[in-house]
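Quick notes on the structure that follows.
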Amino acid sequence: MYIDKQLCKSDECHRECIAACARVHGDDPPIIFDKGAKIPRITSDCTNCLNCIRACPFGAITSTVIEKPAQRKKQRMSSNQNESARPYLTDDELKQFPERDMIFARVFNDPDFEYYGKHAFYGGEAMISRNIPGYGRFEYERAEAGWQLYDGRAAVIGPLLGDAQKSPDSQTRVEEDSETLTTEVKKAAKIFGASLVGIASLDRNWLYSVNRSGEPYDIPERFSHAIVMAIEMDYEGISKSPAFASATSTAVGYSKMAFAEIELTAFIRRLGYSAIPCGNDIALSVPLAIDAGLGQYGRHGLLITKEFGPRVRIAKVLTDMPLLHDSPDYGFCDAVVRFCEVCEKCAHHCPSKSIRVGKRREWSGTTKSNNPGAEKWYVNPETCYGYWIENGSDCSNCIRSCPYNKRDGLLHRAVLWVVRYFPWLNRFVLKFDDLIGYGKQKTPDK
């Protein structure tokens, strides 16, 4: 554990870190204030329980080495200051990102983009003509068909977004306590197809500033909660990446997202509350999913969940329903970052070399499709998309090769436990993953 001296303000707090540490370690906690010192000191008896991280009101304690203290950024707290700090760092450069600058929008609105006018399946016919296993006509049409529901959601989302500007009829509202409402919303989300569901306080920094056409989003302030759903994608399909079978798994995942978000929105509105469905629009998915306790970001920039690793798609519903918020699993989040520092499999399996190697994380990317202001590994979406054009469909090699991408089960959970509590074994776990053959492409024509 490490303390950022620039962020620590012991004269402005109640030394919550000491109290939190003592709850675990008793009267002789490993975090102490030496006589006359203004900054606490962590002794070698520290067990990395992370209680001090959760308790510090200034985000001054971290589990990773601070190599450049002068460049350390303040950890953003959630909008409710009684909630714990989030398991990522942001700085003052963070602001609402324009959806028009995301890579899929630039394909149609940015003439300066190298792949302007070329949709994700642009090179599909050329690949079919080469008679490569896994790139046949049936595989291609299945992948295209998988998008049908998601692509048609705009016809439903438009009116729903317009209706969100109106306050619901309070006389029809079902008045229940927050615990009951939260339970029923999560139950409905699972029934409608969510594999995982969590609820977060809506940080408005994660709302897009404008849509893909450059028109401002107008999300009323009363929408203060985000219900985040993760939809599992098919393991076998993703294992065939970058062949067309993986594109089918992705497409079906998106269409399942559309179904779940629209149905959950309808359920909430029938209870008399406002709700807005969100797929890859309106708000950024990964940070909201982290805030909702579903997982942590990885080197590949994707959400990593305990149950399925990065093999999920994310849908959201924004609402004014008074719901209880979930909290991140800080131990899991910390373990993911530590493992990603060592792993690099997604980077080595990336055909376009769009994923960075190295332990160091940055505060900004290299293209206009990167949103600066958060400390992470930034991928290059432009070169990534360029490979999609060559491949004839999207690529999921980073998901396929990620060691967290496993079928959920006892063995998977046991390895997660080892990675979390014995991080010095991470390289051994990685070698074992390679030895078993996980992450390699499976025969695409089966």
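Residue numbering restarts at 1 in every chain; chains get A, B, ... in the order shown in the structure tokens, and ligands count up from 1 in that same order.
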
Would you give me, as number ranges by chain, the residues in region 223-275 of chain A that DSSP reads as alpha helix (DSSP H)? A: 235-238, 244-270

If we count only C-alpha atoms and set the cut-off at 10 Å, which residues sit around Lys256 (chain A), ignoring sequence neighbours fewer than 3 positions away in its own chain? Please answer as a PyMOL selection string. chain A and resi 146-147+149-150+192-194+231-233+250-253+259-261+313-315

Which residues come within 10 Å of region 171-175 of chain A, counting only C-alpha atoms, excluding same-chain residues fewer than 6 positions away, as a PDB file with N, CA and C atoms, in the first residue's frame?
ATOM      1  N   LEU A 181     -38.091  -1.695  -4.362  1.00  0.00           N
ATOM      2  CA  LEU A 181     -37.980  -1.282  -5.756  1.00  0.00           C
ATOM      3  C   LEU A 181     -36.700  -1.839  -6.387  1.00  0.00           C
ATOM      4  N   ILE A 268     -40.255  -0.139 -15.688  1.00  0.00           N
ATOM      5  CA  ILE A 268     -40.100   0.992 -14.770  1.00  0.00           C
ATOM      6  C   ILE A 268     -41.166   2.056 -15.024  1.00  0.00           C
ATOM      7  N   ARG A 269     -41.460   2.299 -16.273  1.00  0.00           N
ATOM      8  CA  ARG A 269     -42.474   3.308 -16.603  1.00  0.00           C
ATOM      9  C   ARG A 269     -43.869   2.868 -16.177  1.00  0.00           C
ATOM     10  N   ARG A 270     -44.133   1.571 -16.241  1.00  0.00           N
ATOM     11  CA  ARG A 270     -45.435   1.073 -15.795  1.00  0.00           C
ATOM     12  C   ARG A 270     -45.594   1.233 -14.287  1.00  0.00           C
ATOM     13  N   LEU A 271     -44.495   1.380 -13.568  1.00  0.00           N
ATOM     14  CA  LEU A 271     -44.554   1.620 -12.120  1.00  0.00           C
ATOM     15  C   LEU A 271     -44.673   3.110 -11.805  1.00  0.00           C
ATOM     16  N   GLY A 272     -44.678   3.945 -12.850  1.00  0.00           N
ATOM     17  CA  GLY A 272     -44.899   5.365 -12.646  1.00  0.00           C
ATOM     18  C   GLY A 272     -43.646   6.208 -12.550  1.00  0.00           C
ATOM     19  N   TYR A 273     -42.482   5.638 -12.955  1.00  0.00           N
ATOM     20  CA  TYR A 273     -41.223   6.374 -12.895  1.00  0.00           C
ATOM     21  C   TYR A 273     -40.698   6.623 -14.313  1.00  0.00           C
TER      22      TYR A 273
END

For the interface of region 307-339 of chain A with region 25-49 of chain A (cut-off 12 Å, counting only C-alpha atoms), please tabulate each contacting residue of region 307-339 of chain A alongside its nearest pair of atoms and their separation in Å to one decimal, rows sorted by chain and increasing number, as a Markdown table.
| residue | atom | partner | partner_atom | distance |
| --- | --- | --- | --- | --- |
| A:Tyr330 | CA | A:Cys49 | CA | 9.7 |
| A:Gly331 | CA | A:Cys49 | CA | 7.9 |
| A:Phe332 | CA | A:Cys49 | CA | 11.6 |
| A:Asp334 | CA | A:Asn48 | CA | 10.3 |
| A:Ala335 | CA | A:Asn48 | CA | 11.1 |

Please write the residues from the selection above to a file, keeping C-alpha atoms, as a PDB file, in the first residue's frame.
ATOM      1  CA  TYR A 330     -12.355  -3.185  -4.602  1.00  0.00           C
ATOM      2  CA  GLY A 331     -10.344  -6.332  -4.009  1.00  0.00           C
ATOM      3  CA  PHE A 332     -11.373  -7.751  -7.374  1.00  0.00           C
ATOM      4  CA  ASP A 334      -7.344  -4.075  -7.691  1.00  0.00           C
ATOM      5  CA  ALA A 335      -6.502  -7.673  -8.618  1.00  0.00           C
TER       6      ALA A 335
END

Per-residue nearest contacts region 115-183 of chain A to region 391-413 of chain A, cut-off 6 Å, using only C-alpha atoms, as CSV:
residue,atom,partner,partner_atom,distance
A:Ala120,CA,A:Ser393,CA,5.5
A:Phe121,CA,A:Ser393,CA,4.6
A:Tyr122,CA,A:Gly392,CA,6.0
A:Gly123,CA,A:Gly392,CA,4.0
A:Gly124,CA,A:Gly392,CA,3.7

Quick one, how far is CA of Leu324 (chain A) from CA of Arg311 (chain A)?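 Value for the CA of Leu324 (chain A)-CA of Arg311 (chain A) distance: 26.5 Å.
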
With region 88-92 of chain A as the partner and 9 Å as the cut-off, tabulate the residues of region 329-406 of chain A that qualify, each row holding the nearest pair of atoms and their distance in Å to one decimal, using only C-alpha atoms, sorted by chain and rising number, as JSON lines.
{"residue": "A:Cys333", "atom": "CA", "partner": "A:Tyr88", "partner_atom": "CA", "distance": 8.9}
{"residue": "A:Trp363", "atom": "CA", "partner": "A:Thr90", "partner_atom": "CA", "distance": 8.2}
{"residue": "A:Pro372", "atom": "CA", "partner": "A:Asp91", "partner_atom": "CA", "distance": 9.0}
{"residue": "A:Gly373", "atom": "CA", "partner": "A:Asp91", "partner_atom": "CA", "distance": 5.3}
{"residue": "A:Ala374", "atom": "CA", "partner": "A:Thr90", "partner_atom": "CA", "distance": 4.3}
{"residue": "A:Glu375", "atom": "CA", "partner": "A:Leu89", "partner_atom": "CA", "distance": 5.6}
{"residue": "A:Lys376", "atom": "CA", "partner": "A:Tyr88", "partner_atom": "CA", "distance": 8.2}

Go ahead and dump the residues you just picked, N, CA and C atoms, as a short mmCIF file (atom, residue, chain, number, x, y, z; two decimals), in the first residue's frame.
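Contents of selection-v5.cif, freshly written:
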data_model
loop_
_atom_site.label_atom_id
_atom_site.label_comp_id
_atom_site.auth_asym_id
_atom_site.auth_seq_id
_atom_site.Cartn_x
_atom_site.Cartn_y
_atom_site.Cartn_z
N CYS A 333 -11.27 -5.47 -8.23
CA CYS A 333 -10.81 -4.41 -9.14
C CYS A 333 -9.31 -4.23 -9.06
N TRP A 363 -2.93 9.00 -19.18
CA TRP A 363 -4.10 9.84 -18.91
C TRP A 363 -4.82 10.27 -20.18
N PRO A 372 -9.95 11.57 -22.88
CA PRO A 372 -8.91 11.77 -21.87
C PRO A 372 -9.49 12.07 -20.49
N GLY A 373 -8.63 11.94 -19.48
CA GLY A 373 -9.03 12.30 -18.13
C GLY A 373 -9.14 11.17 -17.16
N ALA A 374 -8.88 9.94 -17.59
CA ALA A 374 -8.89 8.78 -16.71
C ALA A 374 -7.56 8.04 -16.87
N GLU A 375 -7.04 7.51 -15.78
CA GLU A 375 -5.79 6.77 -15.84
C GLU A 375 -6.08 5.31 -16.22
N LYS A 376 -5.59 4.91 -17.38
CA LYS A 376 -5.84 3.56 -17.86
C LYS A 376 -4.91 3.27 -19.04
#

How many Å lie between CA of Ala20 (chain A) and CA of Tyr421 (chain A), rounded to one decimal?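 Spanning CA of Ala20 (chain A) to CA of Tyr421 (chain A) is a straight-line distance of 19.4 Å.
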
Please report the interatomic distance between CA of Gly158 (chain A) and CA of Thr367 (chain A) in Å with one decimal.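 Interatomic distance here is 29.9 Å.
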
Per DSSP on the backbone, what are the strand (DSSP E or B) residues of region 152-326 of chain A, as a JSON list (two decimals) with N, CA and C atoms, in the first residue's frame?
[["chain", "number", "residue", "atom", "x", "y", "z"],
["A", 196, "LEU", "N", -25.88, -10.15, -15.62],
["A", 196, "LEU", "CA", -25.49, -9.44, -14.41],
["A", 196, "LEU", "C", -26.22, -8.12, -14.39],
["A", 197, "VAL", "N", -26.52, -7.61, -13.20],
["A", 197, "VAL", "CA", -27.15, -6.30, -13.10],
["A", 197, "VAL", "C", -26.65, -5.59, -11.84],
["A", 198, "GLY", "N", -26.36, -4.31, -11.96],
["A", 198, "GLY", "CA", -25.94, -3.49, -10.84],
["A", 198, "GLY", "C", -26.51, -2.09, -11.00],
["A", 199, "ILE", "N", -26.49, -1.34, -9.92],
["A", 199, "ILE", "CA", -27.07, 0.01, -9.93],
["A", 199, "ILE", "C", -26.04, 1.01, -9.41],
["A", 200, "ALA", "N", -25.90, 2.13, -10.10],
["A", 200, "ALA", "CA", -24.93, 3.15, -9.73],
["A", 200, "ALA", "C", -25.59, 4.51, -9.67],
["A", 201, "SER", "N", -25.01, 5.38, -8.86],
["A", 201, "SER", "CA", -25.35, 6.78, -8.92],
["A", 201, "SER", "C", -24.84, 7.32, -10.26],
["A", 207, "LEU", "N", -22.15, 10.82, -19.24],
["A", 207, "LEU", "CA", -23.13, 11.06, -20.29],
["A", 207, "LEU", "C", -22.43, 11.67, -21.50],
["A", 210, "VAL", "N", -23.05, 15.22, -26.82],
["A", 210, "VAL", "CA", -23.90, 15.30, -28.00],
["A", 210, "VAL", "C", -24.03, 13.92, -28.61],
["A", 216, "PRO", "N", -27.18, 18.08, -28.99],
["A", 216, "PRO", "CA", -27.02, 17.86, -27.54],
["A", 216, "PRO", "C", -28.02, 16.86, -26.99],
["A", 225, "HIS", "N", -29.94, 7.83, -11.39],
["A", 225, "HIS", "CA", -29.53, 6.43, -11.18],
["A", 225, "HIS", "C", -29.33, 5.74, -12.53],
["A", 226, "ALA", "N", -28.34, 4.87, -12.58],
["A", 226, "ALA", "CA", -28.08, 4.07, -13.78],
["A", 226, "ALA", "C", -28.17, 2.59, -13.43],
["A", 227, "ILE", "N", -29.08, 1.91, -14.07],
["A", 227, "ILE", "CA", -29.17, 0.45, -13.94],
["A", 227, "ILE", "C", -28.33, -0.13, -15.07],
["A", 228, "VAL", "N", -27.33, -0.92, -14.74],
["A", 228, "VAL", "CA", -26.38, -1.42, -15.74],
["A", 228, "VAL", "C", -26.52, -2.94, -15.83],
["A", 229, "MET", "N", -26.70, -3.41, -17.05],
["A", 229, "MET", "CA", -26.88, -4.85, -17.29],
["A", 229, "MET", "C", -25.76, -5.37, -18.18],
["A", 230, "ALA", "N", -25.15, -6.46, -17.79],
["A", 230, "ALA", "CA", -24.16, -7.14, -18.62],
["A", 230, "ALA", "C", -24.80, -8.36, -19.24],
["A", 231, "ILE", "N", -24.64, -8.50, -20.54],
["A", 231, "ILE", "CA", -25.21, -9.63, -21.29],
["A", 231, "ILE", "C", -24.07, -10.55, -21.73],
["A", 232, "GLU", "N", -24.10, -11.78, -21.28],
["A", 232, "GLU", "CA", -23.04, -12.73, -21.64],
["A", 232, "GLU", "C", -23.10, -13.05, -23.13],
["A", 275, "ALA", "N", -37.76, 6.56, -17.25],
["A", 275, "ALA", "CA", -36.65, 5.68, -17.60],
["A", 275, "ALA", "C", -36.23, 5.92, -19.04],
["A", 276, "ILE", "N", -34.94, 5.84, -19.29],
["A", 276, "ILE", "CA", -34.37, 6.00, -20.63],
["A", 276, "ILE", "C", -33.49, 4.80, -20.93],
["A", 277, "PRO", "N", -33.76, 4.05, -22.02],
["A", 277, "PRO", "CA", -32.89, 2.93, -22.38],
["A", 277, "PRO", "C", -31.64, 3.41, -23.11],
["A", 278, "CYS", "N", -30.52, 2.79, -22.81],
["A", 278, "CYS", "CA", -29.25, 3.15, -23.44],
["A", 278, "CYS", "C", -28.52, 1.89, -23.87],
["A", 283, "ALA", "N", -24.73, 7.33, -22.99],
["A", 283, "ALA", "CA", -23.74, 7.32, -21.90],
["A", 283, "ALA", "C", -22.69, 6.26, -22.14],
["A", 296, "GLN", "N", -14.22, -4.36, -13.49],
["A", 296, "GLN", "CA", -13.13, -3.39, -13.61],
["A", 296, "GLN", "C", -12.65, -3.35, -15.07],
["A", 297, "TYR", "N", -12.08, -2.22, -15.47],
["A", 297, "TYR", "CA", -11.54, -2.12, -16.82],
["A", 297, "TYR", "C", -10.25, -2.94, -16.93],
["A", 303, "LEU", "N", -14.71, -3.95, -20.04],
["A", 303, "LEU", "CA", -15.09, -4.34, -18.69],
["A", 303, "LEU", "C", -14.73, -5.81, -18.46],
["A", 304, "ILE", "N", -14.09, -6.09, -17.33],
["A", 304, "ILE", "CA", -13.80, -7.47, -16.94],
["A", 304, "ILE", "C", -14.68, -7.80, -15.74],
["A", 305, "THR", "N", -15.53, -8.80, -15.90],
["A", 305, "THR", "CA", -16.41, -9.24, -14.83],
["A", 305, "THR", "C", -15.85, -10.50, -14.18],
["A", 309, "GLY", "N", -15.44, -12.60, -17.40],
["A", 309, "GLY", "CA", -14.34, -11.80, -17.92],
["A", 309, "GLY", "C", -14.89, -10.68, -18.80],
["A", 312, "VAL", "N", -18.82, -9.87, -22.35],
["A", 312, "VAL", "CA", -20.15, -9.33, -22.10],
["A", 312, "VAL", "C", -20.39, -8.09, -22.96],
["A", 313, "ARG", "N", -21.64, -7.77, -23.17],
["A", 313, "ARG", "CA", -22.07, -6.50, -23.73],
["A", 313, "ARG", "C", -22.88, -5.78, -22.65],
["A", 314, "ILE", "N", -22.87, -4.46, -22.72],
["A", 314, "ILE", "CA", -23.40, -3.66, -21.61],
["A", 314, "ILE", "C", -24.56, -2.79, -22.08],
["A", 315, "ALA", "N", -25.67, -2.89, -21.38],
["A", 315, "ALA", "CA", -26.82, -2.02, -21.62],
["A", 315, "ALA", "C", -27.13, -1.27, -20.34],
["A", 316, "LYS", "N", -27.74, -0.09, -20.49],
["A", 316, "LYS", "CA", -28.06, 0.72, -19.32],
["A", 316, "LYS", "C", -29.49, 1.22, -19.41],
["A", 317, "VAL", "N", -30.05, 1.53, -18.27],
["A", 317, "VAL", "CA", -31.33, 2.24, -18.19],
["A", 317, "VAL", "C", -31.14, 3.34, -17.15],
["A", 318, "LEU", "N", -31.38, 4.59, -17.55],
["A", 318, "LEU", "CA", -31.31, 5.73, -16.63],
["A", 318, "LEU", "C", -32.70, 5.97, -16.06],
["A", 319, "THR", "N", -32.78, 6.28, -14.78],
["A", 319, "THR", "CA", -34.09, 6.42, -14.16],
["A", 319, "THR", "C", -34.07, 7.37, -12.97]]

Which one is closest to Arg361 (chain A): A:Arg420, A:Gly439, A:Arg299, A:His325? Count only C-alpha atoms. A:Arg299
